[in-house]
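Undergrad: Coordinates in entry19.txt, compact mmCIF, C-alpha atoms, are listed below.
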```txt
# COMPACT_ATOMS: atom_id res chain seq x y z
CA MET A 253 -69.00 -264.17 -89.50
CA LYS A 254 -70.62 -261.57 -87.28
CA LYS A 255 -74.36 -261.07 -87.59
CA LYS A 256 -74.99 -257.40 -88.38
CA LEU A 257 -77.89 -255.80 -86.55
CA ALA A 258 -80.37 -252.98 -86.88
CA ILE A 259 -82.19 -252.24 -83.63
CA LEU A 260 -85.53 -250.45 -83.87
CA GLY A 261 -86.25 -249.06 -80.41
CA SER A 262 -82.64 -249.02 -79.23
CA THR A 263 -83.24 -246.83 -76.16
CA GLY A 264 -86.13 -248.96 -74.85
CA SER A 265 -85.89 -251.99 -72.60
CA ILE A 266 -85.61 -254.51 -75.46
CA GLY A 267 -83.05 -252.30 -77.16
CA HIS A 268 -80.95 -252.10 -74.00
CA SER A 269 -81.16 -255.87 -73.53
CA THR A 270 -80.17 -256.48 -77.15
CA LEU A 271 -77.14 -254.21 -76.80
CA SER A 272 -76.26 -256.09 -73.61
CA ILE A 273 -76.19 -259.30 -75.67
CA CYS A 274 -73.95 -257.56 -78.20
CA GLU A 275 -71.59 -256.61 -75.37
CA SER A 276 -71.51 -260.20 -74.13
CA PHE A 277 -70.90 -261.67 -77.59
CA PRO A 278 -68.76 -259.13 -79.50
CA ASP A 279 -67.42 -261.87 -81.76
CA ARG A 280 -70.94 -262.77 -82.91
CA TYR A 281 -72.91 -259.52 -83.25
CA LYS A 282 -72.17 -256.09 -84.69
CA VAL A 283 -74.44 -253.02 -84.44
CA VAL A 284 -74.89 -251.35 -87.83
CA SER A 285 -77.87 -249.04 -87.35
CA LEU A 286 -80.17 -247.81 -84.59
CA ALA A 287 -83.61 -246.22 -84.33
CA ALA A 288 -84.24 -244.44 -81.04
CA GLY A 289 -87.17 -242.45 -79.70
CA VAL A 290 -86.92 -239.09 -77.94
CA ASN A 291 -84.19 -239.85 -75.41
CA VAL A 292 -81.37 -237.87 -77.03
CA GLU A 293 -78.87 -238.43 -74.20
CA ALA A 294 -79.31 -242.20 -74.35
CA ALA A 295 -79.05 -242.19 -78.15
CA TYR A 296 -75.87 -240.06 -77.95
CA ASN A 297 -74.27 -242.48 -75.50
CA GLN A 298 -75.19 -245.42 -77.74
CA CYS A 299 -73.55 -243.65 -80.67
CA LEU A 300 -70.35 -243.13 -78.68
CA GLN A 301 -70.28 -246.81 -77.71
CA TRP A 302 -71.41 -248.49 -80.93
CA PHE A 303 -70.67 -246.00 -83.73
CA PRO A 304 -73.62 -247.01 -85.94
CA ARG A 305 -73.59 -246.13 -89.62
CA VAL A 306 -76.95 -244.41 -89.17
CA ILE A 307 -79.28 -243.55 -86.30
CA SER A 308 -82.86 -242.29 -86.48
CA MET A 309 -84.77 -240.31 -83.86
CA ALA A 310 -88.54 -239.98 -83.44
CA THR A 311 -88.77 -236.32 -84.52
CA GLU A 312 -86.77 -233.82 -86.56
CA GLU A 313 -86.14 -231.73 -83.42
CA HIS A 314 -84.60 -234.65 -81.54
CA ALA A 315 -82.57 -235.64 -84.60
CA GLN A 316 -81.14 -232.11 -84.87
CA ARG A 317 -80.18 -232.08 -81.18
CA LEU A 318 -78.41 -235.41 -81.54
CA ARG A 319 -76.67 -234.31 -84.75
CA THR A 320 -75.39 -231.17 -83.04
CA MET A 321 -74.08 -233.13 -80.04
CA LEU A 322 -72.30 -235.62 -82.29
CA HIS A 323 -70.74 -232.89 -84.46
CA GLN A 324 -69.54 -231.01 -81.38
CA ALA A 325 -67.86 -234.25 -80.25
CA GLY A 326 -66.20 -234.61 -83.65
CA HIS A 327 -68.38 -237.44 -84.95
CA HIS A 328 -69.52 -236.34 -88.40
CA GLU A 329 -69.50 -239.86 -89.83
CA ILE A 330 -72.76 -240.99 -88.16
CA GLU A 331 -75.81 -240.18 -90.29
CA VAL A 332 -78.72 -238.87 -88.22
CA LEU A 333 -82.27 -239.21 -89.58
CA TRP A 334 -85.74 -238.99 -88.10
CA GLY A 335 -89.32 -240.25 -88.26
CA SER A 336 -90.77 -243.28 -90.00
CA GLU A 337 -88.63 -242.66 -93.08
CA GLY A 338 -85.49 -242.62 -90.97
CA ALA A 339 -86.45 -245.82 -89.16
CA THR A 340 -87.02 -247.46 -92.55
CA VAL A 341 -83.51 -246.49 -93.67
CA VAL A 342 -82.17 -248.00 -90.44
CA ALA A 343 -84.11 -251.25 -90.98
CA THR A 344 -83.18 -251.66 -94.65
CA HIS A 345 -79.51 -250.67 -94.45
CA PRO A 346 -77.64 -252.88 -96.96
CA GLU A 347 -75.15 -254.12 -94.37
CA VAL A 348 -77.88 -255.34 -91.99
CA ASP A 349 -78.67 -259.07 -91.70
CA PHE A 350 -81.01 -259.05 -88.71
CA VAL A 351 -83.55 -256.44 -87.56
CA VAL A 352 -84.74 -256.30 -83.95
CA SER A 353 -88.20 -254.71 -84.16
CA ALA A 354 -88.90 -253.22 -80.74
CA ILE A 355 -90.41 -249.77 -81.38
CA VAL A 356 -93.58 -249.53 -79.30
CA GLY A 357 -96.80 -248.89 -81.21
CA VAL A 358 -97.54 -248.62 -84.92
CA ALA A 359 -94.54 -246.28 -85.29
CA GLY A 360 -92.39 -249.33 -86.07
CA LEU A 361 -94.79 -250.89 -88.55
CA GLU A 362 -93.57 -249.33 -91.80
CA ALA A 363 -89.90 -249.94 -91.01
CA THR A 364 -90.50 -253.57 -90.06
CA TYR A 365 -92.55 -254.23 -93.20
CA ALA A 366 -89.85 -252.60 -95.35
CA ALA A 367 -87.19 -254.75 -93.68
CA ILE A 368 -89.18 -257.89 -94.49
CA CYS A 369 -89.54 -256.81 -98.11
CA ALA A 370 -85.76 -256.21 -98.15
CA GLY A 371 -85.20 -259.82 -97.06
CA LYS A 372 -83.94 -259.13 -93.53
CA THR A 373 -84.47 -261.69 -90.75
CA ILE A 374 -86.75 -260.19 -88.10
CA GLY A 375 -86.56 -260.51 -84.33
CA LEU A 376 -90.07 -259.40 -83.47
CA ALA A 377 -90.77 -257.64 -80.17
CA ASN A 378 -93.32 -255.18 -81.54
CA LYS A 379 -96.82 -256.47 -80.84
CA GLU A 380 -98.53 -253.96 -83.10
CA CYS A 381 -96.91 -255.38 -86.24
CA LEU A 382 -98.84 -258.63 -85.96
CA VAL A 383 -101.90 -257.27 -84.15
CA ALA A 384 -102.60 -254.38 -86.53
CA ALA A 385 -101.07 -255.74 -89.75
CA GLY A 386 -100.66 -259.47 -89.21
CA ASP A 387 -102.12 -260.52 -92.56
CA LEU A 388 -99.78 -258.22 -94.50
CA ILE A 389 -96.71 -259.03 -92.39
CA ILE A 390 -97.16 -262.80 -92.64
CA ALA A 391 -97.87 -262.63 -96.39
CA ALA A 392 -94.75 -260.51 -96.99
CA ALA A 393 -92.60 -262.84 -94.88
CA LYS A 394 -93.77 -265.83 -96.92
CA LYS A 395 -93.26 -263.99 -100.22
CA HIS A 396 -89.70 -262.93 -99.36
CA ASN A 397 -88.82 -266.13 -97.46
CA VAL A 398 -88.08 -264.15 -94.30
CA ALA A 399 -87.97 -265.71 -90.83
CA LEU A 400 -90.03 -263.98 -88.14
CA LEU A 401 -88.43 -264.94 -84.83
CA PRO A 402 -90.48 -263.90 -81.81
CA ILE A 403 -88.72 -262.12 -78.95
CA ASP A 404 -91.73 -261.80 -76.64
CA SER A 405 -91.04 -264.39 -73.94
CA GLU A 406 -94.34 -266.26 -74.47
CA HIS A 407 -94.09 -266.61 -78.25
CA ASN A 408 -90.40 -267.29 -78.04
CA ALA A 409 -91.25 -270.13 -75.65
CA VAL A 410 -93.83 -271.51 -78.08
CA HIS A 411 -91.31 -271.28 -80.93
CA GLN A 412 -88.85 -273.32 -78.88
CA ALA A 413 -91.43 -275.94 -77.84
CA MET A 414 -92.72 -276.22 -81.44
CA ARG A 415 -89.36 -277.70 -82.38
CA GLY A 416 -90.54 -280.86 -80.60
CA GLY A 417 -93.04 -281.72 -83.34
CA SER A 418 -94.48 -280.69 -86.69
CA PRO A 419 -97.17 -277.97 -86.98
CA ASN A 420 -99.90 -280.47 -87.90
CA GLU A 421 -99.18 -282.37 -84.65
CA VAL A 422 -100.06 -279.36 -82.46
CA LYS A 423 -103.39 -279.64 -80.66
CA GLN A 424 -103.20 -276.24 -78.95
CA ILE A 425 -100.80 -273.84 -77.32
CA TRP A 426 -100.96 -272.34 -73.86
CA LEU A 427 -99.74 -268.80 -73.25
CA THR A 428 -98.94 -268.20 -69.60
CA ALA A 429 -99.98 -264.96 -67.89
CA SER A 430 -98.79 -263.67 -64.54
CA GLY A 431 -102.28 -262.32 -63.94
CA GLY A 432 -100.78 -258.91 -63.25
CA PRO A 433 -101.21 -257.05 -59.96
CA PHE A 434 -104.98 -257.64 -59.76
CA ARG A 435 -105.41 -261.37 -60.28
CA ASN A 436 -106.84 -261.70 -56.74
CA THR A 437 -108.52 -258.29 -56.51
CA PRO A 438 -112.31 -258.45 -55.98
CA ALA A 439 -114.27 -257.34 -59.03
CA ALA A 440 -116.00 -254.64 -56.96
CA ASP A 441 -112.65 -252.92 -56.42
CA PHE A 442 -111.69 -252.64 -60.10
CA GLU A 443 -113.55 -249.34 -60.60
CA HIS A 444 -111.30 -247.69 -58.01
CA ILE A 445 -107.90 -248.93 -59.22
CA THR A 446 -105.42 -246.07 -59.57
CA PRO A 447 -102.65 -245.66 -62.17
CA ALA A 448 -100.03 -246.04 -59.41
CA GLN A 449 -101.51 -249.40 -58.40
CA ALA A 450 -101.78 -250.60 -62.01
CA LEU A 451 -98.13 -249.72 -62.73
CA LYS A 452 -96.85 -252.13 -60.07
CA HIS A 453 -96.30 -255.34 -62.03
CA PRO A 454 -95.36 -258.34 -59.85
CA THR A 455 -92.85 -259.91 -62.24
CA TRP A 456 -91.61 -257.78 -65.14
CA THR A 457 -90.23 -254.24 -65.45
CA MET A 458 -91.75 -252.72 -68.59
CA GLY A 459 -92.93 -249.46 -70.13
CA GLN A 460 -96.10 -247.77 -68.89
CA ARG A 461 -98.48 -248.89 -71.62
CA ILE A 462 -97.47 -252.54 -71.59
CA THR A 463 -97.62 -252.56 -67.77
CA ILE A 464 -101.19 -251.25 -67.82
CA ASP A 465 -102.02 -253.74 -70.60
CA SER A 466 -100.73 -256.48 -68.32
CA ALA A 467 -102.95 -255.22 -65.50
CA THR A 468 -106.03 -255.37 -67.77
CA MET A 469 -104.76 -258.58 -69.45
CA MET A 470 -105.03 -256.84 -72.82
CA ASN A 471 -101.35 -257.58 -73.26
CA LYS A 472 -102.21 -261.29 -73.15
CA GLY A 473 -105.04 -260.64 -75.57
CA PHE A 474 -102.60 -259.09 -78.03
CA GLU A 475 -100.38 -262.14 -77.57
CA VAL A 476 -103.30 -264.40 -78.48
CA ILE A 477 -103.69 -262.51 -81.77
CA GLU A 478 -99.94 -262.63 -82.38
CA ALA A 479 -99.86 -266.37 -81.73
CA CYS A 480 -102.69 -266.95 -84.21
CA ARG A 481 -100.62 -265.16 -86.87
CA LEU A 482 -97.18 -266.52 -86.03
CA PHE A 483 -98.21 -270.15 -85.67
CA ASP A 484 -101.15 -270.21 -88.10
CA LEU A 485 -103.71 -271.27 -85.50
CA PRO A 486 -107.36 -270.26 -84.97
CA PRO A 487 -108.20 -268.46 -81.68
CA ALA A 488 -109.78 -271.63 -80.27
CA GLN A 489 -106.37 -273.34 -80.32
CA VAL A 490 -104.63 -270.55 -78.43
CA GLN A 491 -105.39 -270.80 -74.72
CA VAL A 492 -104.37 -268.59 -71.80
CA THR A 493 -103.51 -269.89 -68.34
CA VAL A 494 -102.71 -267.71 -65.33
CA HIS A 495 -99.34 -268.72 -63.89
CA PRO A 496 -98.21 -266.24 -61.20
CA GLN A 497 -94.70 -267.64 -60.83
CA SER A 498 -93.87 -266.78 -64.48
CA THR A 499 -91.32 -269.59 -64.65
CA VAL A 500 -93.15 -271.55 -67.37
CA HIS A 501 -93.27 -269.11 -70.27
CA SER A 502 -95.60 -271.11 -72.51
CA LEU A 503 -96.63 -274.67 -73.33
CA VAL A 504 -97.39 -276.57 -76.51
CA GLU A 505 -99.82 -279.49 -76.35
CA PHE A 506 -99.52 -282.10 -79.09
CA VAL A 507 -102.21 -284.41 -80.46
CA ASP A 508 -100.78 -287.45 -78.67
CA GLY A 509 -101.29 -285.78 -75.28
CA SER A 510 -97.68 -284.69 -74.74
CA ILE A 511 -97.12 -281.15 -73.47
CA LEU A 512 -93.78 -279.40 -73.86
CA ALA A 513 -93.10 -276.40 -71.62
CA GLN A 514 -90.32 -273.84 -71.94
CA ILE A 515 -88.82 -272.79 -68.59
CA SER A 516 -86.14 -270.17 -68.02
CA VAL A 517 -85.17 -267.13 -66.00
CA THR A 518 -87.40 -264.07 -66.32
CA ASP A 519 -84.76 -262.16 -68.26
CA MET A 520 -85.49 -260.82 -71.74
CA ARG A 521 -81.88 -261.35 -72.77
CA LEU A 522 -82.57 -265.08 -73.10
CA PRO A 523 -85.34 -264.87 -75.76
CA ILE A 524 -83.33 -262.16 -77.53
CA LEU A 525 -80.24 -264.38 -77.59
CA TYR A 526 -82.34 -267.33 -78.81
CA ALA A 527 -83.70 -265.25 -81.71
CA LEU A 528 -80.30 -263.78 -82.61
CA ALA A 529 -78.57 -267.16 -82.54
CA TYR A 530 -81.33 -269.29 -84.14
CA PRO A 531 -81.06 -272.07 -85.20
CA GLU A 532 -78.02 -272.38 -82.93
CA ARG A 533 -78.01 -272.31 -79.15
CA VAL A 534 -75.25 -270.21 -77.64
CA PRO A 535 -73.82 -270.90 -74.16
CA SER A 536 -74.70 -268.12 -71.70
CA ASP A 537 -74.82 -267.37 -68.00
CA LEU A 538 -78.64 -267.08 -68.03
CA THR A 539 -79.14 -270.20 -65.93
CA PHE A 540 -82.31 -271.25 -64.13
CA ASP A 541 -82.60 -272.25 -60.47
CA LEU A 542 -84.62 -275.48 -60.30
CA LYS A 543 -85.72 -274.65 -56.76
CA LEU A 544 -88.10 -272.15 -58.35
CA LEU A 545 -90.13 -275.12 -59.63
CA SER A 546 -91.08 -276.25 -56.12
CA HIS A 547 -94.48 -274.60 -56.43
CA LEU A 548 -96.35 -273.89 -59.68
CA ASP A 549 -99.91 -272.60 -60.02
CA PHE A 550 -102.09 -272.60 -63.12
CA SER A 551 -105.66 -271.35 -63.39
CA GLN A 552 -108.17 -270.16 -65.95
CA PRO A 553 -108.44 -266.38 -66.43
CA ASP A 554 -111.71 -264.78 -65.34
CA LEU A 555 -113.02 -263.04 -68.46
CA SER A 556 -115.72 -261.25 -66.48
CA ARG A 557 -113.04 -259.51 -64.38
CA PHE A 558 -110.70 -259.03 -67.33
CA PRO A 559 -112.97 -258.09 -70.26
CA CYS A 560 -110.03 -256.89 -72.36
CA LEU A 561 -108.95 -260.50 -72.87
CA ARG A 562 -112.46 -261.39 -74.03
CA LEU A 563 -112.44 -258.43 -76.45
CA ALA A 564 -109.12 -259.59 -77.89
CA TYR A 565 -110.49 -263.08 -78.61
CA GLU A 566 -113.52 -261.50 -80.28
CA ALA A 567 -111.29 -259.24 -82.40
CA ALA A 568 -109.08 -262.20 -83.39
CA ALA A 569 -112.16 -264.02 -84.66
CA ALA A 570 -113.58 -260.93 -86.40
CA GLY A 571 -110.51 -260.17 -88.49
CA GLN A 572 -107.94 -257.51 -89.29
CA SER A 573 -110.12 -254.39 -88.99
CA ALA A 574 -111.22 -255.35 -85.49
CA CYS A 575 -107.62 -256.07 -84.47
CA ILE A 576 -106.52 -252.64 -85.72
CA ALA A 577 -109.34 -250.99 -83.78
CA LEU A 578 -108.59 -253.05 -80.66
CA ASN A 579 -104.96 -251.93 -80.56
CA ALA A 580 -105.65 -248.28 -81.42
CA ALA A 581 -108.50 -247.89 -78.94
CA ASP A 582 -106.47 -249.55 -76.20
CA GLU A 583 -103.54 -247.17 -76.65
CA ILE A 584 -105.81 -244.12 -76.43
CA ALA A 585 -107.76 -245.53 -73.48
CA VAL A 586 -104.62 -246.44 -71.54
CA ALA A 587 -103.25 -242.92 -72.04
CA ALA A 588 -106.56 -241.48 -70.84
CA PHE A 589 -106.48 -243.70 -67.74
CA LEU A 590 -102.91 -242.68 -66.91
CA ALA A 591 -103.95 -239.03 -67.33
CA GLY A 592 -106.85 -239.50 -64.91
CA GLN A 593 -109.52 -238.94 -67.58
CA ILE A 594 -111.22 -242.33 -67.25
CA PRO A 595 -111.32 -245.04 -64.54
CA PHE A 596 -109.59 -248.39 -64.88
CA LEU A 597 -112.71 -250.09 -66.22
CA GLY A 598 -113.11 -247.21 -68.65
CA ILE A 599 -110.37 -248.88 -70.69
CA PRO A 600 -112.42 -251.96 -71.73
CA ARG A 601 -115.60 -249.88 -71.99
CA THR A 602 -113.93 -247.53 -74.47
CA ILE A 603 -112.47 -250.39 -76.51
CA GLU A 604 -115.79 -252.22 -76.69
CA LYS A 605 -117.58 -249.11 -77.96
CA VAL A 606 -114.93 -248.61 -80.64
CA LEU A 607 -115.22 -252.25 -81.74
CA GLU A 608 -119.00 -251.93 -81.97
CA LYS A 609 -118.59 -249.04 -84.43
CA THR A 610 -115.82 -250.63 -86.50
CA THR A 611 -116.70 -251.80 -90.01
CA HIS A 612 -115.04 -254.92 -91.36
CA ALA A 613 -113.15 -253.58 -94.36
CA SER A 614 -109.94 -255.19 -95.61
CA GLN A 615 -106.59 -253.39 -95.69
CA ALA A 616 -104.44 -254.11 -98.73
CA SER A 617 -101.43 -252.01 -97.73
CA ILE A 618 -99.58 -250.73 -94.67
CA GLN A 619 -100.84 -247.24 -95.49
CA GLN A 620 -104.44 -248.46 -95.33
CA VAL A 621 -103.68 -250.06 -91.96
CA LEU A 622 -102.34 -246.73 -90.68
CA VAL A 623 -105.43 -244.89 -91.96
CA ALA A 624 -107.71 -247.36 -90.16
CA ASP A 625 -105.56 -247.03 -87.05
CA GLN A 626 -105.93 -243.25 -87.02
CA ALA A 627 -109.69 -243.49 -87.54
CA ALA A 628 -110.03 -245.85 -84.58
CA ARG A 629 -107.91 -243.55 -82.41
CA GLU A 630 -110.08 -240.57 -83.24
CA LEU A 631 -113.22 -242.55 -82.50
CA ALA A 632 -111.74 -243.58 -79.13
CA ARG A 633 -110.96 -239.95 -78.30
CA GLN A 634 -114.52 -238.93 -79.15
CA ILE A 635 -115.94 -241.67 -76.95
CA ILE A 636 -113.70 -240.66 -74.04
CA ALA A 637 -114.66 -237.01 -74.48
CA GLY A 638 -118.33 -237.99 -74.54
CA VAL A 639 -118.90 -236.46 -77.95
```
As structure tokens, please, write out the structure in this file.

TA:
Amino acid sequence: MKKKLAILGSTGSIGHSTLSICESFPDRYKVVSLAAGVNVEAAYNQCLQWFPRVISMATEEHAQRLRTMLHQAGHHEIEVLWGSEGATVVATHPEVDFVVSAIVGVAGLEATYAAICAGKTIGLANKECLVAAGDLIIAAAKKHNVALLPIDSEHNAVHQAMRGGSPNEVKQIWLTASGGPFRNTPAADFEHITPAQALKHPTWTMGQRITIDSATMMNKGFEVIEACRLFDLPPAQVQVTVHPQSTVHSLVEFVDGSILAQISVTDMRLPILYALAYPERVPSDLTFDLKLLSHLDFSQPDLSRFPCLRLAYEAAAAGQSACIALNAADEIAVAAFLAGQIPFLGIPRTIEKVLEKTTHASQASIQQVLVADQAARELARQIIAGV
């Protein structure tokens, strides 16, 4: 039987890659519902190709534009919704078996949580779900017996390597980092890094925020927090190693000294296919050239040059409130850097100030997480404005 999909973030890079997998395996996967952002043209084209039961846009205005375009083309059967409520309808559609959660930011949090509570299997590509609401997400997944299958290449690699032993046999895991565009840049030059320089990632093509997060290594910091949640490990057992070639996606070290590494092409379709097919492995053309293993480098990250990674470890140890603040402050600071309001090193400085002012309250619901998120964002804006 075909696996029936909801794709949250269908017009983003993960969404496009997921739809590419659906094209390659039409006998295995069927698109039921989509949640897009603000790209109405892309959403319209996806509707014409996939004919989803329902599609949700980011805002009411974009939903109305899409609805008008579809009606003018004679397609009245596709329901068009908008906002967080619309994304939740997409994620919990009764026909859906599997939800790909790839909306960037906390915008996808409510829909993903609702899908878990509805018993849907989750392919998780949204970092904020586990960073900002990891305790709630993991608890809900356990309660409803829902599998959380990571799509991020690093966690997907760990998930694969973990199949080589039991959880209590794991000594530690190693998340690989490309080091971004500034792994060899002198510390004295960091204050003068421009947005154009920071947006040139050496390995991956990604959205603006995640590319800047890679340049600061905050992206790897978020992955540390995610790994702690997904694999039930303390921060001390989640290590980061800089691996510029990006051919080894992560490693798992077991208590007997064995280390299993996952190696594959740098193509997000492979971890997506792994998650969609799990526990099977499906033949594909995503083959790896062994000549790329002729030279591999690994080194420790320099936390003095990349303070965002240090801040992420500190937030992981401090708990949920600090993780919420870390993510929220980073998003505001990255936007301010891209807008030319703060320098590159203003990103970690802003985040650190927000963390210093964050109280360690507990959040018992997704709504409380969102309230804490908004408070941290406002605090970050005040700090940037010098208020």

Undergrad: Find the residues around segment 303-307 of chain A up to 10 Å (only C-alpha atoms counted), leave out those fewer than 6 positions away in its own chain, and share them as a ChimeraX atom specification.

TA: /A:257-260,262,282-288,295-297,315,318-319,327,329-334,338-339,341-342,345,347

Undergrad: Between atom CA of Cys575 of chain A and atom CA of Asn420 of chain A, what is the distance, to one decimal in Å?

TA: 25.8 Å

Undergrad: Would you please work out which residue, of A:Ala393, A:Leu300, A:Val490, A:Ala628, is nearest to His407 of chain A when using only C-alpha atoms?

TA: A:Val490

Undergrad: Write out as a ChimeraX atom specification each polymer residue whose atoms come within 12 Å of Phe506 of chain A, counting only C-alpha atoms; drop sequence neighbours fewer than 3 positions from it.

TA: /A:413-426,489,503,509-513

Undergrad: Here is a test: counting all atoms listed in the file, which residue of A:His453, A:Ile599, A:Thr263, A:Ala385 is nearest to Gln615 of chain A?

TA: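 That would be A:Ala385, the residue with the smallest distance to Gln615 of chain A.
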
Undergrad: Give me, please, the distance in Å between atom CA of Ala359 of chain A and atom CA of Ala577 of chain A, quoted to one decimal.

TA: 15.6 Å

Undergrad: Using all atoms listed in the file, which of A:Leu555, A:Leu528, A:Ala429, A:Val534 sits nearest His495 of chain A?

TA: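 The closest residue to His495 of chain A is A:Ala429.
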
Undergrad: Figure out the distance between atom CA of Val351 of chain A and atom CA of Gly267 of chain A, please, to one decimal in Å.

TA: 11.2 Å

Undergrad: Excluding Tyr530 of chain A and residues on its chain fewer than 2 positions from it, collect all residues at most 12 Å away from it, counting only C-alpha atoms, and give them as a VMD selection string.

TA: chain A and resid 255 350 373 to 375 399 to 403 408 411 to 412 415 522 to 528 532 to 534

Undergrad: Using all atoms listed in the file, which residues sit within 7 Å of Pro595 of chain A once same-chain residues fewer than 3 positions away are excluded, as a PDB file with C-alpha atoms, in the coordinates of the input?

TA:
```
ATOM      1  CA  GLU A 443    -113.550-249.340 -60.600  1.00  0.00           C
ATOM      2  CA  PHE A 589    -106.480-243.700 -67.740  1.00  0.00           C
ATOM      3  CA  GLY A 598    -113.110-247.210 -68.650  1.00  0.00           C
TER       4      GLY A 598
END
```

Undergrad: Considering only C-alpha atoms, can you say which of A:Phe550, A:Trp302, A:Tyr281, A:Phe558 comes closest to Leu597 of chain A?

TA: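 Of A:Phe550, A:Trp302, A:Tyr281, A:Phe558, the one nearest Leu597 of chain A, counting only C-alpha atoms, is A:Phe558.
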
Undergrad: Have a look at A:Pro486, A:Gly473, A:Gly357, A:Gly386 and name the one nearest to Ala569 of chain A; count all atoms listed in the file.

TA: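 The closest residue to Ala569 of chain A is A:Pro486.
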
Undergrad: Using all atoms listed in the file, which protein or nucleic acid residues come within 10 Å of Phe540 of chain A? Drop anything in the same chain fewer than 5 positions from it, and give the result as a PyMOL selection string.

TA: chain A and resi 499+515-518+545

Undergrad: Considering only C-alpha atoms, state which residue in the set A:Cys274, A:Met470, A:Ile584, A:Ile618 is at the smallest distance from Ile389 of chain A.

TA: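 Of the candidates, the smallest distance to Ile389 of chain A is held by A:Ile618.
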
Undergrad: Step by step, gather every atom of segment 258-276 of chain A that the file lists, find the box along x, y and z that holds them, add 3 Å on each side, and finally give centre and edge lengths in Å to one decimal, as lines of an AutoDock Vina configuration file.

TA:
```
center_x = -78.9
center_y = -253.5
center_z = -79.7
size_x = 20.7
size_y = 19.4
size_z = 20.3
```
